[in-house]
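> One structure is given below, represented as structure tokens, and several questions about it will come after.
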Amino acid sequence: MTGQDKLEHGTPEWFDMVGTLMSDAASRSGLAPDLTVSFVERYIDGTELSGGWVQGIRFDIVDGKPSYRVGVGLEESADIVVEVTAAAARQLNLLRTTDARFAVVRDEILRSSDMRVEGDMSRLGAWLESVHDPIVERTK
């Protein structure tokens with residue numbers, strides 16, 4: 001993949017790419033038709049986007065059908081909420097899961113105040129793990 005194919009981390013276009021990858025992976029995973037779960041990832045120190053949103057993504061699965069929105073509200077809630085600094089998110093989104101540093105960096109960030117997770121990430125499903133490395137491949 002060339003640098004031209006990569007998107008600048010944290011831009012609306014980048015979040016759109018993330019949402020598309022998440023939706024595609026979730027759809028291919030055979031979601032239960034009665035699965036309903038919501039997820040918000042918000043950059044704690046993110047910049048404001050149009051419409052009063054801040055950097056982040058809202059991802060919903062309603063009755064087994066995934067959808068997403070680029071940008072989230074400062075106080076927007078969901079079943080699962082991840083609040084992370086832009087710098088911490090960038091660190092993670094530049095490391096493949098096969099990189100030995102990935103687990104170390106992730107664990108350090110989770111222990112710090114740079115990332116907070118509320119809710120049970122496993123509710124989204126195992127498909128979520130398959131999305132990280134393709135995001136890394138498209139991030140500059």
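How things are named: the first chain in the structure tokens is A, the next is B, and so on; residues count from 1 in each chain; ligands count from 1 in the order shown.
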At a cut-off of 8 Å, can you tabulate as a tab-separated table every residue of segment 69-132 of chain A near segment 11-19 of chain A together with its closest atom pair and the distance in Å to one decimal, using only C-alpha atoms and ordering rows by chain then number?


```
residue	atom	partner	partner_atom	distance
A:Arg69	CA	A:Gly19	CA	7.4
A:Val70	CA	A:Phe15	CA	6.0
A:Gly71	CA	A:Pro12	CA	7.7
```

> To test your reading of the structure, identify every residue in segment 21-73 of chain A that backbone DSSP assigns to alpha helix (DSSP H), and report it as a list of chain:residue names.

A:Leu21, A:Met22, A:Ser23, A:Asp24, A:Ala25, A:Ala26, A:Ser27, A:Arg28

> Hey, what does DSSP flag as strand (DSSP E) within segment 80-112 of chain A? Can you give it to me as a list in words?

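Of segment 80-112 of chain A, only Ile80, Val81, Val82, Glu83 and Val84 of chain A fall in strand (DSSP E).
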
> Near Val136 of chain A, within 12 Å and counting only C-alpha atoms, which residues show up once chain neighbours fewer than 6 positions away are dropped, as a ChimeraX atom specification?

/A:1,5-9,14,17-18,21,89-99,102,130

> Counting only C-alpha atoms, what is within 7 Å of segment 103-114 of chain A, bar same-chain residues fewer than 6 positions away, as a PyMOL selection string?

chain A and resi 84-85+88+92

> Write the residues of the selection above to a file with N, CA, C and O atoms, as an mmCIF file, in the first residue's frame.


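Output file out.cif follows:
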```
data_model
loop_
_atom_site.group_PDB
_atom_site.id
_atom_site.type_symbol
_atom_site.label_atom_id
_atom_site.label_comp_id
_atom_site.auth_asym_id
_atom_site.auth_seq_id
_atom_site.Cartn_x
_atom_site.Cartn_y
_atom_site.Cartn_z
ATOM 1 N N VAL A 84 -10.119 8.161 24.817
ATOM 2 C CA VAL A 84 -8.683 8.011 24.605
ATOM 3 C C VAL A 84 -8.116 9.327 24.093
ATOM 4 O O VAL A 84 -8.819 10.093 23.430
ATOM 5 N N THR A 85 -6.869 9.618 24.427
ATOM 6 C CA THR A 85 -6.229 10.795 23.861
ATOM 7 C C THR A 85 -5.890 10.497 22.399
ATOM 8 O O THR A 85 -5.686 9.343 22.010
ATOM 9 N N ALA A 88 -2.500 8.714 22.155
ATOM 10 C CA ALA A 88 -2.526 7.290 22.512
ATOM 11 C C ALA A 88 -3.179 6.482 21.401
ATOM 12 O O ALA A 88 -2.700 5.395 21.044
ATOM 13 N N LEU A 92 -1.397 3.382 19.037
ATOM 14 C CA LEU A 92 -1.957 2.052 18.815
ATOM 15 C C LEU A 92 -2.264 1.800 17.347
ATOM 16 O O LEU A 92 -2.081 0.690 16.843
#
```

> One decimal, in Å: what's the spacing between atom CA of Trp53 of chain A and atom CA of Glu75 of chain A?

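Going from atom CA of Trp53 of chain A over to atom CA of Glu75 of chain A covers 10.3 Å.
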
> Which is closest to Pro33 of chain A among A:Val62, A:Leu49, A:Ala100, A:Ala126, if we use only C-alpha atoms?

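Among the listed residues, the smallest separation from Pro33 of chain A belongs to A:Val62.
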